[in-house]
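A quick write-up on the structure given underneath.
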Amino acid sequence: MIARFTALVALVAVSGGVAGPPHRAAIAGTISGKVTYTGTLPKIRTIDMAKEPSCVTQHSTPVTSEDAVTGPGNSVRYVVVYISAGDQGAAASTDTVRYDQKGCLYIPHVAVMQVHQPLAVFNNDPTSHNIHPLARVNPEWNKSQPKGAPPIRTTWDQPEFIPVKCNVHPWMHGYFVVLATPNFSVTDSSGSFSLTGLAPGTYTVTAWHERFGTRSQEVTIAGSETKTANFVLTARPY
Amino acid sequence: MKPQTRWMWLVSACGAVLLLLGAPPAHGQEARVGKLAGRAAKGKPLYTRYCAGCHGDDGDAQGENAQWMDPRPRDFTTATFKCRSTPSGSLPTDQDLFNSVERGFVTTNMPPWIALTPQNRVDMVAYIKGFSARWRTAQPGTPLTIPLEPAPTIQSILHGRELYQRMECWKCHGPAGYGDGPSAHELTDSKDEPIRPYNFSTGSRFMCGTTNQDLYRIFMTGLDGSPMPSFADQLKPAEAWDLVHFLRTMQPLKTREAAIWREWVSTHGRELKPIGPEGGGQ
């Protein structure tokens, strides 16, 4: 009788689905490419930090907003390119993602992490900041971090593109990009990205930019090869 | 065991498993405050009559009056609440929501609903919790423990003043607490609507209560959805009480703190360094 009950419970547990170990194939393909834009760029604002003299002195050249950073050949920086469908998923990396506040700016402007991956937010400035992730799917929180305070450590439970702001210094804007996949890349100043270590299969590759929206395409990896996937995003002036 | 008993056993075991897997979680539609149990079904007509005009039929802050309001009504679909006893980012307790409905919010259009019975209010709380799925997947955070308040002294007030400078409260609330700090005019809430910091010279009511304990709780848990952050990781309980004592001196009230402060300032006022960008606090 008891055995029958145990068997029933065990059956339910198995059918509930247990995630397998992270899948990494010996044959590993790469998807790389470049992200560019068409259309009209928004006006790039120069940030006036006069309100915070301790941050003004940390910059020798004028600081501009980082919500649309572009380069030669219409390349776009800070685009998150990731596998949105087709990969096996993997346990979250245990490496801590570092997010710095320095000179009243967020470094990096866009921080990408996996669901449940540790995140640490540091304040390197001789002033107070408040870290306010404007999450919708995950819980929204808002914590003060005075100068010299220890890093704020947290994780996120759901995939989400979370805008981050500091209310004391309203020009400070950044993003926590929380993804279900371990396969992601952020474009550099030349707009280039590279997704490596992909097992053979068909993937949906998505490029996301905070101002220019999202584009996706399918890419099939057959073996140890490098496929090119370029993205063209539409820039809007406002 | 008789065959019949065995059969009954199996049925009840299957029932228990099904209940665990398939039954909808009940706590999203119930509320408990002290001995009162709230039921969403009872709260619905009350909500429709008293709350929906501003908060909207769907709890999304799109009621017909909402467009005329500043600040906007609370959007219950986000389950983000200002007045909580729980840490920033966590759900409030039923008691927190009950207190908010009873108290209303100073400087906003939300009146105190003290005219309704406690049973009415707890039923409304149960109904409000149905607007966000978060109530079905997450539990409220652990309420903040507030240690007994030490008696205010001039030392605690002066230390509180130093903290007001060091924690940079003045950046928004202003050097004298008038809500006129350098960052005050650019503040926005989580929906990008302009919002003003609290002006301590306006009276005795804070956003979330009137007592020293309420004041302690406000800055320790933060007001989620607004620019006011949580200081729970930054201030030790003794420091938090010192800050409370100093904040009380900025209000135009005849409090113990204000009396101690006025007497000290009348003789030592010149020793004070001003609060602000150049200030040392003390």
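We name chains A, B, ... following the order of the structure tokens; residues begin at 1 in each chain, and ligands are numbered from 1 as shown.
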Can you work out which residues from chain A touch chain B at a cut-off of 8 Å (counting only C-alpha atoms) and hand them back as a CSV table (one decimal) with C-alpha atoms, in the first residue's frame?
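New file iface-v4.csv:
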```csv
chain,number,residue,atom,x,y,z
A,1,MET,CA,0.0,0.0,0.0
A,5,PHE,CA,1.7,5.5,-2.8
A,9,VAL,CA,4.5,10.3,-5.9
A,51,LYS,CA,25.0,69.3,-9.4
A,128,SER,CA,25.7,58.5,-2.4
A,130,ASN,CA,20.5,54.9,-5.0
A,131,ILE,CA,20.2,51.8,-7.2
A,132,HIS,CA,16.6,51.6,-8.5
A,134,LEU,CA,12.6,49.5,-12.5
A,136,ARG,CA,8.1,44.8,-13.9
A,139,PRO,CA,10.2,42.7,-8.0
A,140,GLU,CA,11.2,46.4,-8.2
A,141,TRP,CA,13.4,47.6,-5.4
A,142,ASN,CA,15.3,50.7,-4.5
A,143,LYS,CA,18.3,50.8,-2.2
A,144,SER,CA,20.6,53.5,-1.1
A,145,GLN,CA,24.4,53.0,-1.4
A,146,PRO,CA,26.4,55.8,0.3
A,149,ALA,CA,29.2,51.1,1.4
A,167,ASN,CA,17.0,59.1,-8.7
A,168,VAL,CA,19.6,61.4,-7.1
A,169,HIS,CA,21.5,61.7,-10.4
A,170,PRO,CA,18.7,61.5,-13.0
```
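The protein and nucleic acid residues lying at most 10 Å from His109 of chain A are Ser65, Glu66, Asp67, Tyr78, Tyr99, Asp100, Gln101, Leu105, Tyr106, Val112, Val164, Met172, His173, Gly174, Tyr175 and Phe176 of chain A, with only C-alpha atoms considered and sequence neighbours fewer than 3 positions away removed.
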Give me the residues within 6 Å of segment 234-237 of chain A as a VMD selection string, counting only C-alpha atoms and dropping any in the same chain fewer than 2 places off. chain A and resid 37 to 42 212
Which neighbours of Val76 of chain A fall inside 12 Å, counting only C-alpha atoms, when residues of the same chain fewer than 3 positions from it are skipped, and could you give them as an MDAnalysis selection string? chainID A and resid 33:38 41 66:73 79:81 186:193 207:212 230:235
Please give the complete set of residues from segment 28-57 of chain A that DSSP, run on the backbone, assigns to alpha helix (DSSP H), formatted as a list in words. Pro53, Ser54, Cys55 and Val56 of chain A
Which residues come within 9 Å of Ala120 of chain A, counting only C-alpha atoms, excluding same-chain residues fewer than 2 positions away, as a PDB file with N, CA, C and O atoms, in the first residue's frame?
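In the end it all went to selection-v6.pdb:
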```
ATOM      1  N   THR A  96      30.142  36.132 -10.666  1.00  0.00           N
ATOM      2  CA  THR A  96      29.393  37.333 -10.313  1.00  0.00           C
ATOM      3  C   THR A  96      29.548  38.383 -11.415  1.00  0.00           C
ATOM      4  O   THR A  96      30.655  38.662 -11.866  1.00  0.00           O
ATOM      5  N   VAL A  97      28.415  38.931 -11.845  1.00  0.00           N
ATOM      6  CA  VAL A  97      28.436  40.021 -12.813  1.00  0.00           C
ATOM      7  C   VAL A  97      28.666  41.312 -12.040  1.00  0.00           C
ATOM      8  O   VAL A  97      27.992  41.578 -11.042  1.00  0.00           O
ATOM      9  N   ARG A  98      29.654  42.098 -12.484  1.00  0.00           N
ATOM     10  CA  ARG A  98      30.007  43.309 -11.763  1.00  0.00           C
ATOM     11  C   ARG A  98      29.399  44.523 -12.448  1.00  0.00           C
ATOM     12  O   ARG A  98      29.498  44.665 -13.670  1.00  0.00           O
ATOM     13  N   TYR A  99      28.763  45.383 -11.669  1.00  0.00           N
ATOM     14  CA  TYR A  99      28.143  46.597 -12.193  1.00  0.00           C
ATOM     15  C   TYR A  99      28.666  47.761 -11.357  1.00  0.00           C
ATOM     16  O   TYR A  99      28.483  47.779 -10.136  1.00  0.00           O
ATOM     17  N   ASP A 100      29.381  48.680 -12.012  1.00  0.00           N
ATOM     18  CA  ASP A 100      30.026  49.755 -11.264  1.00  0.00           C
ATOM     19  C   ASP A 100      29.325  51.079 -11.460  1.00  0.00           C
ATOM     20  O   ASP A 100      28.791  51.369 -12.528  1.00  0.00           O
ATOM     21  N   PRO A 118      24.636  35.547  -9.897  1.00  0.00           N
ATOM     22  CA  PRO A 118      24.884  36.616  -8.924  1.00  0.00           C
ATOM     23  C   PRO A 118      25.290  37.936  -9.588  1.00  0.00           C
ATOM     24  O   PRO A 118      26.042  37.944 -10.564  1.00  0.00           O
ATOM     25  N   PHE A 122      28.570  47.994  -7.342  1.00  0.00           N
ATOM     26  CA  PHE A 122      29.589  48.701  -6.552  1.00  0.00           C
ATOM     27  C   PHE A 122      29.409  50.210  -6.687  1.00  0.00           C
ATOM     28  O   PHE A 122      29.082  50.704  -7.764  1.00  0.00           O
ATOM     29  N   PRO A 151      29.264  46.367  -1.637  1.00  0.00           N
ATOM     30  CA  PRO A 151      28.429  46.155  -2.826  1.00  0.00           C
ATOM     31  C   PRO A 151      27.068  45.570  -2.473  1.00  0.00           C
ATOM     32  O   PRO A 151      26.938  44.840  -1.487  1.00  0.00           O
ATOM     33  N   ILE A 152      26.078  45.892  -3.289  1.00  0.00           N
ATOM     34  CA  ILE A 152      24.750  45.303  -3.137  1.00  0.00           C
ATOM     35  C   ILE A 152      24.729  44.042  -3.988  1.00  0.00           C
ATOM     36  O   ILE A 152      25.006  44.090  -5.183  1.00  0.00           O
ATOM     37  N   ARG A 153      24.448  42.906  -3.355  1.00  0.00           N
ATOM     38  CA  ARG A 153      24.469  41.624  -4.074  1.00  0.00           C
ATOM     39  C   ARG A 153      23.055  41.099  -4.227  1.00  0.00           C
ATOM     40  O   ARG A 153      22.281  41.110  -3.267  1.00  0.00           O
ATOM     41  N   THR A 154      22.728  40.649  -5.434  1.00  0.00           N
ATOM     42  CA  THR A 154      21.378  40.166  -5.677  1.00  0.00           C
ATOM     43  C   THR A 154      21.381  39.190  -6.846  1.00  0.00           C
ATOM     44  O   THR A 154      22.408  38.946  -7.479  1.00  0.00           O
ATOM     45  N   THR A 155      20.223  38.601  -7.110  1.00  0.00           N
ATOM     46  CA  THR A 155      20.010  37.780  -8.305  1.00  0.00           C
ATOM     47  C   THR A 155      18.599  38.090  -8.804  1.00  0.00           C
ATOM     48  O   THR A 155      17.804  38.692  -8.089  1.00  0.00           O
TER      49      THR A 155
END
```
Which residues are near Cys55 of chain A? Cut-off 8 Å, only C-alpha atoms, ignore same chain within fewer than 4 positions. Put them as a list in words.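 Returned residues: Met49, His59, Gly103, Cys104 and Asp125 of chain A.
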Would you mind telling me which residue in B:Asp192, B:Asp94, B:Asp123, B:Glu162 lies nearest to Ala41 of chain B when using only C-alpha atoms?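 Distance minimum relative to Ala41 of chain B lands on B:Asp123.
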Shell around Ile157 of chain B at 9 Å using only C-alpha atoms, local window under 2 positions removed, as a count of residues only: 18
Using only C-alpha atoms, find the one residue out of B:Gln139, B:Asn99, B:Gln165, B:Thr48 that sits nearest to Gly63 of chain B.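 The answer is B:Thr48, which sits nearest to Gly63 of chain B.
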